[in-house]
Amino acid sequence: NANANANASGDGEKKKPEYAICALSGMSSANDVDRYRKKGVGMCLIGESLMRAADPKAAIESLCLNPNDYDKYIAESTRASAYIAGTKIIKVCGITNPDDALVACKHGANLIGVIFVPKSKRCVSADQAKSVVDAVREFGERSNRLSFSAFAMEADNISPLQSLVRKARAMEDVARRPLVVGVFQNQSHEFIQEMVEVCGLDLVQLHGKEGMEAANLAKCGVPAIRVVDIETNADGTGTAPGAIDKLLGDITTDPIAILLDTSIKGSKEGGGTGVTFDWGIAEKLQNNGLPVIIAGGLTPTNVKDAVMGTRPWGIDVSSGVEASPGTKNHDHVEAFVKGARDAAVEASKGI
C-alpha cells in the first residue's frame, strides 16, 4: 500500500490507520461517544436520536464530538440527544417472599423491589427482606452487595442530566445480575440506612415528598432511585402542561435514576394506584435525553404497548402481576417479563 509505505517512512509523521471503526447504533449521548472513542472507535452513525430529539441542532451539539470539549460540556450541559436505546431495566416490586423473587429473577427481572412502607399491603419486615436478598444473591452467585463505580457515581463537575445518563449505563451493567431495591416513603435516613445494612439492600427507592436531594448516596448508604409523581385524574388524564419542563428543571445529581409513577389528584397515597399516566410524558422526557423508568397500571396485557410505543429505559410492575396483595401470580410474572423483553427486541429493529 503506497500510502501505508509513505506513512511508515522516516518523515516523522504519525502513521494513519488504514481503516476506521464506526459505531452504527445506540449512540445518543456525549457519554456514549466518549465511551466508544476511548475504545478506538473513530466514527458514529446517528439517526433516530436526532429524529426524536426535541431540538436536533442542540442534540448534535450534545454529542460533544470534539474530545477537547468533553469535560466542560459534561459539567455544564442541560441538554442531550434523545434516549433511543429502548427498555433495558425491568423491576418487579412488592415482593414479600423468596419464591416470588426467584420466579422474577429466573424470567429476567433486573430489579426486585421490597417495600418498607407501613401502610402498604406489601410491607415487609427486616427478616422478610433479608430472606429475599439472600435468595436473589444466591441466584446471582454472589455473597455481597453489588456496587457501582466511583466514575458512575461522581457528582462533581457533571450536570444533573449528564449524571443520570451516565448512571443509566452503569445500572444496565451492574443489573445484569438482579439487584434488590428497598422502597421507602417519607422515612428517616437513619431507618433507611439501618435497613440497607441489616437486609443487604443494593439500592433504595424514595417514594415520598423527600425531594431530589434526599436520594443522595451518602444519606441513603446505597444509590437511590427517586420517584416523581405524575399527577392525573382518576382516569389517567389531566396532567399539568408544564410537568416535563418542571421535572427537567428539578433533577439533581443525587439520584441514580428517575421513576415516574401515577398520582391521583386529591389523593394522599402517592403511587400504587394501578392507574396508567400519559406515557407520552415519558417519551417527551426521553426525547430531551433523560432515561426514565415508568410505573403505574402496567400489566402483562399492556406492557407490550408501553415498551413498543414509548421505549422507556425501564418499567416497573407490582399489582399488575399479583394473585393477591403481596403474592405474585407466577404465570403473570413470566408473561410480563417475556412480553417486555420481546417488545424491546421488536422496538429495537426500528433503530
# chains A, B, ... in the order shown; residues from 1 in each chain; ligands from 1
call {"tool": "closest_atom_pairs", "arguments": {"of": "stretch 74-145 of chain A", "to": "stretch 337-347 of chain A", "cutoff": "12 Å", "atoms": "only C-alpha atoms", "output": "Markdown table"}}
result
| residue | atom | partner | partner_atom | distance |
| --- | --- | --- | --- | --- |
| A:Ile84 | CA | A:Ala347 | CA | 9.8 |
| A:Ala85 | CA | A:Ala344 | CA | 9.3 |
| A:Gly86 | CA | A:Ala344 | CA | 6.3 |
| A:Thr87 | CA | A:Ala344 | CA | 5.8 |
| A:Lys88 | CA | A:Ala344 | CA | 8.1 |
| A:Ile89 | CA | A:Arg341 | CA | 9.6 |
| A:Ile90 | CA | A:Val337 | CA | 7.2 |
| A:Lys91 | CA | A:Val337 | CA | 9.1 |
| A:Val92 | CA | A:Val337 | CA | 8.9 |
| A:Val103 | CA | A:Val337 | CA | 10.5 |
| A:Ala104 | CA | A:Val337 | CA | 8.0 |
| A:Cys105 | CA | A:Val337 | CA | 9.8 |
| A:Lys106 | CA | A:Val337 | CA | 10.0 |
| A:His107 | CA | A:Val337 | CA | 6.5 |
| A:Gly108 | CA | A:Val337 | CA | 6.6 |
| A:Ala109 | CA | A:Val337 | CA | 6.7 |
| A:Asn110 | CA | A:Val337 | CA | 10.0 |
| A:Leu111 | CA | A:Val337 | CA | 11.6 |
call {"tool": "residues_around", "arguments": {"residues": "A:Val183", "least_positions_apart": "5", "cutoff": "7 Å", "atoms": "only C-alpha atoms", "output": "PyMOL selection string"}}
result
chain A and resi 113-116+204-207
call {"tool": "write_last_selection", "arguments": {"atoms": "all heavy atoms", "output": "PDB file, in the first residue's frame"}}
result
ATOM      1  N   GLY A 113     -38.122  -5.462  44.010  1.00  0.00           N
ATOM      2  CA  GLY A 113     -38.485  -4.442  44.979  1.00  0.00           C
ATOM      3  C   GLY A 113     -39.140  -5.001  46.223  1.00  0.00           C
ATOM      4  O   GLY A 113     -40.070  -5.814  46.136  1.00  0.00           O
ATOM      5  N   VAL A 114     -38.651  -4.590  47.394  1.00  0.00           N
ATOM      6  CA  VAL A 114     -39.278  -4.932  48.675  1.00  0.00           C
ATOM      7  C   VAL A 114     -39.695  -3.627  49.345  1.00  0.00           C
ATOM      8  O   VAL A 114     -38.935  -2.662  49.378  1.00  0.00           O
ATOM      9  CB  VAL A 114     -38.339  -5.747  49.587  1.00  0.00           C
ATOM     10  CG1 VAL A 114     -38.139  -7.148  49.031  1.00  0.00           C
ATOM     11  CG2 VAL A 114     -36.987  -5.066  49.769  1.00  0.00           C
ATOM     12  N   ILE A 115     -40.902  -3.582  49.870  1.00  0.00           N
ATOM     13  CA  ILE A 115     -41.493  -2.337  50.365  1.00  0.00           C
ATOM     14  C   ILE A 115     -41.453  -2.279  51.888  1.00  0.00           C
ATOM     15  O   ILE A 115     -41.880  -3.220  52.578  1.00  0.00           O
ATOM     16  CB  ILE A 115     -42.941  -2.212  49.861  1.00  0.00           C
ATOM     17  CG1 ILE A 115     -42.952  -2.156  48.319  1.00  0.00           C
ATOM     18  CG2 ILE A 115     -43.624  -0.982  50.436  1.00  0.00           C
ATOM     19  CD1 ILE A 115     -44.331  -2.157  47.696  1.00  0.00           C
ATOM     20  N   PHE A 116     -40.949  -1.148  52.409  1.00  0.00           N
ATOM     21  CA  PHE A 116     -40.846  -0.952  53.860  1.00  0.00           C
ATOM     22  C   PHE A 116     -41.844   0.084  54.360  1.00  0.00           C
ATOM     23  O   PHE A 116     -41.731   0.552  55.492  1.00  0.00           O
ATOM     24  CB  PHE A 116     -39.424  -0.501  54.211  1.00  0.00           C
ATOM     25  CG  PHE A 116     -38.382  -1.569  54.049  1.00  0.00           C
ATOM     26  CD1 PHE A 116     -37.722  -1.732  52.841  1.00  0.00           C
ATOM     27  CD2 PHE A 116     -38.057  -2.428  55.091  1.00  0.00           C
ATOM     28  CE1 PHE A 116     -36.748  -2.706  52.674  1.00  0.00           C
ATOM     29  CE2 PHE A 116     -37.095  -3.409  54.948  1.00  0.00           C
ATOM     30  CZ  PHE A 116     -36.438  -3.561  53.739  1.00  0.00           C
ATOM     31  N   VAL A 204     -31.995   1.751  47.032  1.00  0.00           N
ATOM     32  CA  VAL A 204     -33.255   2.134  47.668  1.00  0.00           C
ATOM     33  C   VAL A 204     -34.049   2.969  46.676  1.00  0.00           C
ATOM     34  O   VAL A 204     -33.518   3.456  45.671  1.00  0.00           O
ATOM     35  CB  VAL A 204     -33.047   2.918  48.989  1.00  0.00           C
ATOM     36  CG1 VAL A 204     -32.302   2.070  49.992  1.00  0.00           C
ATOM     37  CG2 VAL A 204     -32.341   4.238  48.743  1.00  0.00           C
ATOM     38  N   GLN A 205     -35.326   3.128  46.971  1.00  0.00           N
ATOM     39  CA  GLN A 205     -36.224   3.925  46.142  1.00  0.00           C
ATOM     40  C   GLN A 205     -37.035   4.817  47.065  1.00  0.00           C
ATOM     41  O   GLN A 205     -37.670   4.325  47.997  1.00  0.00           O
ATOM     42  CB  GLN A 205     -37.144   3.009  45.331  1.00  0.00           C
ATOM     43  CG  GLN A 205     -38.174   3.718  44.477  1.00  0.00           C
ATOM     44  CD  GLN A 205     -38.983   2.718  43.648  1.00  0.00           C
ATOM     45  OE1 GLN A 205     -38.414   1.881  42.957  1.00  0.00           O
ATOM     46  NE2 GLN A 205     -40.307   2.810  43.726  1.00  0.00           N
ATOM     47  N   LEU A 206     -36.998   6.114  46.808  1.00  0.00           N
ATOM     48  CA  LEU A 206     -37.706   7.068  47.651  1.00  0.00           C
ATOM     49  C   LEU A 206     -39.000   7.472  46.972  1.00  0.00           C
ATOM     50  O   LEU A 206     -38.991   8.036  45.879  1.00  0.00           O
ATOM     51  CB  LEU A 206     -36.829   8.289  47.915  1.00  0.00           C
ATOM     52  CG  LEU A 206     -35.477   7.998  48.577  1.00  0.00           C
ATOM     53  CD1 LEU A 206     -34.755   9.304  48.898  1.00  0.00           C
ATOM     54  CD2 LEU A 206     -35.630   7.147  49.826  1.00  0.00           C
ATOM     55  N   HIS A 207     -40.116   7.211  47.661  1.00  0.00           N
ATOM     56  CA  HIS A 207     -41.433   7.324  47.044  1.00  0.00           C
ATOM     57  C   HIS A 207     -42.290   8.403  47.687  1.00  0.00           C
ATOM     58  O   HIS A 207     -43.495   8.481  47.451  1.00  0.00           O
ATOM     59  CB  HIS A 207     -42.162   5.980  47.175  1.00  0.00           C
ATOM     60  CG  HIS A 207     -42.953   5.598  45.977  1.00  0.00           C
ATOM     61  ND1 HIS A 207     -44.049   6.303  45.542  1.00  0.00           N
ATOM     62  CD2 HIS A 207     -42.809   4.582  45.115  1.00  0.00           C
ATOM     63  CE1 HIS A 207     -44.558   5.719  44.463  1.00  0.00           C
ATOM     64  NE2 HIS A 207     -43.813   4.674  44.186  1.00  0.00           N
TER      65      HIS A 207
END
call {"tool": "closest_atom_pairs", "arguments": {"of": "stretch 84-189 of chain A", "to": "stretch 245-255 of chain A", "cutoff": "9 Å", "atoms": "only C-alpha atoms", "output": "tab-separated table"}}
result
residue	atom	partner	partner_atom	distance
A:Met153	CA	A:Thr253	CA	8.8
A:Glu154	CA	A:Thr253	CA	8.5
A:Ala155	CA	A:Thr253	CA	5.7
A:Asp156	CA	A:Thr253	CA	8.5
A:Ile158	CA	A:Thr253	CA	7.9
A:Ser159	CA	A:Thr253	CA	7.0
A:Pro160	CA	A:Thr253	CA	4.5
A:Leu161	CA	A:Ile251	CA	7.3
A:Gln162	CA	A:Thr253	CA	8.6
A:Ser163	CA	A:Thr253	CA	5.8
A:Leu164	CA	A:Thr253	CA	7.0
A:Lys167	CA	A:Pro255	CA	8.9
call {"tool": "residues_around", "arguments": {"residues": "A:Ser131", "least_positions_apart": "3", "cutoff": "9 Å", "atoms": "only C-alpha atoms", "output": "number ranges by chain"}}
result
A: 97-98, 126-128, 134-136, 199
call {"tool": "atom_distance", "arguments": {"atom1": "atom CA of A:Pro241", "atom2": "atom CA of A:Asn216"}}
result
28.6 Å
call {"tool": "residues_around", "arguments": {"residues": "stretch 325-332 of chain A", "least_positions_apart": "6", "cutoff": "9 Å", "atoms": "only C-alpha atoms", "output": "short mmCIF file (atom, residue, chain, number, x, y, z; two decimals) with N, CA, C and O atoms, in the first residue's frame"}}
result
data_model
loop_
_atom_site.label_atom_id
_atom_site.label_comp_id
_atom_site.auth_asym_id
_atom_site.auth_seq_id
_atom_site.Cartn_x
_atom_site.Cartn_y
_atom_site.Cartn_z
N GLY A 94 -42.98 -5.05 45.14
CA GLY A 94 -43.96 -5.64 46.05
C GLY A 94 -43.70 -7.10 46.35
O GLY A 94 -44.61 -7.85 46.71
N ILE A 95 -42.43 -7.51 46.24
CA ILE A 95 -42.05 -8.90 46.56
C ILE A 95 -42.00 -9.07 48.07
O ILE A 95 -41.43 -8.23 48.79
N THR A 96 -42.57 -10.17 48.57
CA THR A 96 -42.60 -10.40 50.02
C THR A 96 -41.97 -11.72 50.44
O THR A 96 -41.84 -11.98 51.64
N ASN A 97 -41.58 -12.55 49.46
CA ASN A 97 -41.05 -13.86 49.82
C ASN A 97 -40.04 -14.34 48.79
O ASN A 97 -40.06 -13.88 47.63
N ASP A 100 -41.32 -15.87 45.18
CA ASP A 100 -41.73 -14.89 44.17
C ASP A 100 -40.51 -14.17 43.59
O ASP A 100 -40.44 -13.88 42.39
N VAL A 103 -38.77 -16.43 41.03
CA VAL A 103 -39.51 -16.51 39.77
C VAL A 103 -39.21 -15.29 38.91
O VAL A 103 -38.94 -15.40 37.70
N ALA A 104 -39.23 -14.13 39.52
CA ALA A 104 -38.93 -12.90 38.78
C ALA A 104 -37.50 -12.92 38.25
O ALA A 104 -37.25 -12.55 37.09
N LYS A 121 -49.92 -2.71 51.73
CA LYS A 121 -50.34 -4.10 51.91
C LYS A 121 -49.19 -5.07 51.62
O LYS A 121 -49.29 -6.26 51.91
N ARG A 122 -48.12 -4.54 51.04
CA ARG A 122 -46.98 -5.38 50.66
C ARG A 122 -45.76 -5.09 51.54
O ARG A 122 -44.64 -5.46 51.18
N CYS A 123 -45.98 -4.44 52.67
CA CYS A 123 -44.88 -4.08 53.56
C CYS A 123 -44.23 -5.34 54.13
O CYS A 123 -44.91 -6.30 54.51
N THR A 299 -49.38 -4.07 33.19
CA THR A 299 -49.83 -5.45 33.30
C THR A 299 -49.23 -6.25 32.15
O THR A 299 -48.70 -5.68 31.20
N PRO A 300 -49.35 -7.58 32.18
CA PRO A 300 -48.91 -8.36 31.03
C PRO A 300 -49.65 -7.99 29.75
O PRO A 300 -49.13 -8.18 28.64
N SER A 318 -46.08 -4.09 39.84
CA SER A 318 -46.34 -4.66 41.17
C SER A 318 -47.70 -5.36 41.17
O SER A 318 -47.78 -6.55 40.95
N SER A 319 -48.76 -4.58 41.36
CA SER A 319 -50.09 -5.19 41.44
C SER A 319 -50.51 -5.86 40.14
O SER A 319 -51.34 -6.78 40.14
#
call {"tool": "atom_distance", "arguments": {"atom1": "atom CA of A:Asp261", "atom2": "atom CA of A:Phe277"}}
result
7.5 Å
call {"tool": "atom_distance", "arguments": {"atom1": "atom CA of A:Ser62", "atom2": "atom CA of A:Leu259"}}
result
23.4 Å
call {"tool": "select_by_dssp", "arguments": {"residues": "stretch 169-257 of chain A", "states": "alpha helix (DSSP H)", "output": "list of chain:residue names"}}
result
A:Arg169, A:Ala170, A:Met171, A:Glu172, A:Asp173, A:Val174, A:His189, A:Glu190, A:Phe191, A:Ile192, A:Gln193, A:Glu194, A:Met195, A:Val196, A:Glu197, A:Val198, A:Cys199, A:Leu217, A:Ala218, A:Lys219, A:Cys220, A:Ala243, A:Ile244, A:Asp245, A:Lys246, A:Leu247, A:Leu248, A:Gly249, A:Asp250
call {"tool": "closest_residue", "arguments": {"among": "A:Val165, A:Leu24, A:Ala282, A:Leu102", "to": "A:Ser77", "atoms": "only C-alpha atoms"}}
result
A:Val165
call {"tool": "select_by_dssp", "arguments": {"residues": "stretch 107-182 of chain A", "states": "strand (DSSP E)", "output": "list in words"}}
result
Leu111, Ile112, Gly113, Val114, Ile115, Leu179, Val180, Val181 and Gly182 of chain A
call {"tool": "closest_residue", "arguments": {"among": "A:Ile60, A:Ala82, A:Val307, A:Ala175", "to": "A:Glu48", "atoms": "only C-alpha atoms"}}
result
A:Ala82
call {"tool": "closest_residue", "arguments": {"among": "A:Cys93, A:Ala54, A:Ala215, A:Val198", "to": "A:Asp316", "atoms": "only C-alpha atoms"}}
result
A:Cys93
call {"tool": "residues_around", "arguments": {"residues": "A:Tyr83", "least_positions_apart": "3", "cutoff": "10 Å", "atoms": "only C-alpha atoms", "output": "ChimeraX atom specification"}}
result
/A:26-29,48-50,52-53,80,86,165,283-292,311-313
call {"tool": "decode", "arguments": {"residues": "stretch 21-147 of chain A", "atoms": "C-alpha atoms", "output": "short mmCIF file (atom, residue, chain, number, x, y, z; two decimals), in the first residue's frame"}}
result
data_model
loop_
_atom_site.label_atom_id
_atom_site.label_comp_id
_atom_site.auth_asym_id
_atom_site.auth_seq_id
_atom_site.Cartn_x
_atom_site.Cartn_y
_atom_site.Cartn_z
CA ILE A 21 -14.25 1.64 13.17
CA CYS A 22 -17.78 3.02 13.07
CA ALA A 23 -20.45 2.54 15.75
CA LEU A 24 -23.73 2.02 13.92
CA SER A 25 -26.48 2.10 16.54
CA GLY A 26 -27.48 3.01 20.06
CA MET A 27 -25.46 6.24 20.18
CA SER A 28 -27.44 9.03 21.78
CA SER A 29 -25.25 10.98 24.21
CA ALA A 30 -21.84 12.50 24.81
CA ASN A 31 -21.22 9.69 27.29
CA ASP A 32 -21.79 7.13 24.51
CA VAL A 33 -19.45 8.96 22.15
CA ASP A 34 -16.73 9.27 24.79
CA ARG A 35 -17.06 5.62 25.80
CA TYR A 36 -16.67 4.41 22.21
CA ARG A 37 -13.92 6.94 21.45
CA LYS A 38 -11.85 5.52 24.31
CA LYS A 39 -12.19 2.08 22.71
CA GLY A 40 -10.75 3.34 19.42
CA VAL A 41 -14.00 3.95 17.52
CA GLY A 42 -13.42 6.76 15.03
CA MET A 43 -16.92 7.38 13.65
CA CYS A 44 -20.52 7.05 14.79
CA LEU A 45 -23.75 6.86 12.84
CA ILE A 46 -26.51 8.94 14.44
CA GLY A 47 -30.05 8.71 13.13
CA GLU A 48 -33.09 8.11 15.27
CA SER A 49 -31.85 10.00 18.32
CA LEU A 50 -31.72 13.14 16.16
CA MET A 51 -35.12 12.47 14.60
CA ARG A 52 -36.69 12.08 18.05
CA ALA A 53 -34.82 14.94 19.69
CA ALA A 54 -36.85 17.95 20.81
CA ASP A 55 -34.12 20.17 19.28
CA PRO A 56 -32.00 18.37 16.61
CA LYS A 57 -29.39 21.15 16.46
CA ALA A 58 -28.90 21.03 20.21
CA ALA A 59 -28.88 17.22 20.03
CA ILE A 60 -25.93 17.28 17.60
CA GLU A 61 -24.08 19.65 19.91
CA SER A 62 -24.90 17.37 22.84
CA LEU A 63 -22.86 14.54 21.31
CA CYS A 64 -19.73 16.60 22.02
CA LEU A 65 -17.77 15.22 19.09
CA ASN A 66 -14.66 17.24 19.96
CA PRO A 67 -12.85 15.36 22.75
CA ASN A 68 -11.23 18.58 23.95
CA ASP A 69 -14.64 19.95 24.89
CA TYR A 70 -15.89 16.86 26.74
CA ASP A 71 -15.09 17.78 30.37
CA LYS A 72 -16.54 21.27 30.07
CA TYR A 73 -19.61 20.01 28.24
CA ILE A 74 -20.37 17.27 30.78
CA ALA A 75 -20.09 19.77 33.62
CA GLU A 76 -22.43 22.35 32.10
CA SER A 77 -24.82 20.61 29.71
CA THR A 78 -28.55 20.76 30.29
CA ARG A 79 -29.41 19.03 27.00
CA ALA A 80 -28.78 15.63 25.45
CA SER A 81 -29.79 13.71 22.36
CA ALA A 82 -32.99 11.69 22.62
CA TYR A 83 -32.69 8.44 24.54
CA ILE A 84 -33.43 5.70 21.98
CA ALA A 85 -31.78 2.55 23.33
CA GLY A 86 -35.10 1.07 24.49
CA THR A 87 -36.12 -0.87 27.56
CA LYS A 88 -33.13 -2.20 29.49
CA ILE A 89 -34.39 -2.43 33.08
CA ILE A 90 -37.35 -4.47 34.37
CA LYS A 91 -38.38 -4.12 38.00
CA VAL A 92 -40.83 -6.39 39.80
CA CYS A 93 -41.92 -4.68 43.00
CA GLY A 94 -43.96 -5.64 46.05
CA ILE A 95 -42.05 -8.90 46.56
CA THR A 96 -42.60 -10.40 50.02
CA ASN A 97 -41.05 -13.86 49.82
CA PRO A 98 -38.08 -15.70 48.26
CA ASP A 99 -40.19 -17.89 45.95
CA ASP A 100 -41.73 -14.89 44.17
CA ALA A 101 -38.33 -13.21 43.99
CA LEU A 102 -36.74 -16.24 42.35
CA VAL A 103 -39.51 -16.51 39.77
CA ALA A 104 -38.93 -12.90 38.78
CA CYS A 105 -35.16 -13.44 38.64
CA LYS A 106 -35.41 -16.62 36.57
CA HIS A 107 -37.55 -14.89 33.98
CA GLY A 108 -35.15 -11.97 33.63
CA ALA A 109 -36.11 -9.18 36.05
CA ASN A 110 -33.23 -6.81 36.82
CA LEU A 111 -34.62 -5.26 39.99
CA ILE A 112 -36.56 -6.90 42.82
CA GLY A 113 -38.48 -4.44 44.98
CA VAL A 114 -39.28 -4.93 48.68
CA ILE A 115 -41.49 -2.34 50.37
CA PHE A 116 -40.85 -0.95 53.86
CA VAL A 117 -43.79 1.48 53.91
CA PRO A 118 -46.01 0.51 56.89
CA LYS A 119 -49.32 1.44 55.25
CA SER A 120 -48.61 -0.73 52.19
CA LYS A 121 -50.34 -4.10 51.91
CA ARG A 122 -46.98 -5.38 50.66
CA CYS A 123 -44.88 -4.08 53.56
CA VAL A 124 -42.15 -6.48 54.67
CA SER A 125 -40.24 -6.93 57.90
CA ALA A 126 -36.47 -6.79 58.01
CA ASP A 127 -36.37 -10.58 58.24
CA GLN A 128 -38.61 -10.98 55.19
CA ALA A 129 -36.49 -8.54 53.20
CA LYS A 130 -33.28 -10.30 54.19
CA SER A 131 -34.68 -13.64 53.06
CA VAL A 132 -35.45 -12.09 49.66
CA VAL A 133 -31.96 -10.58 49.47
CA ASP A 134 -30.37 -13.93 50.35
CA ALA A 135 -32.36 -15.71 47.62
CA VAL A 136 -31.51 -13.08 45.00
CA ARG A 137 -27.83 -13.16 45.92
CA GLU A 138 -27.75 -16.95 45.69
CA PHE A 139 -29.44 -16.78 42.29
CA GLY A 140 -26.86 -14.27 41.09
CA GLU A 141 -24.00 -16.32 42.54
CA ARG A 142 -22.78 -13.56 44.80
CA SER A 143 -22.36 -13.12 48.53
CA ASN A 144 -22.04 -9.35 48.77
CA ARG A 145 -23.78 -6.19 47.67
CA LEU A 146 -23.11 -5.23 44.05
CA SER A 147 -21.58 -1.79 43.76
#
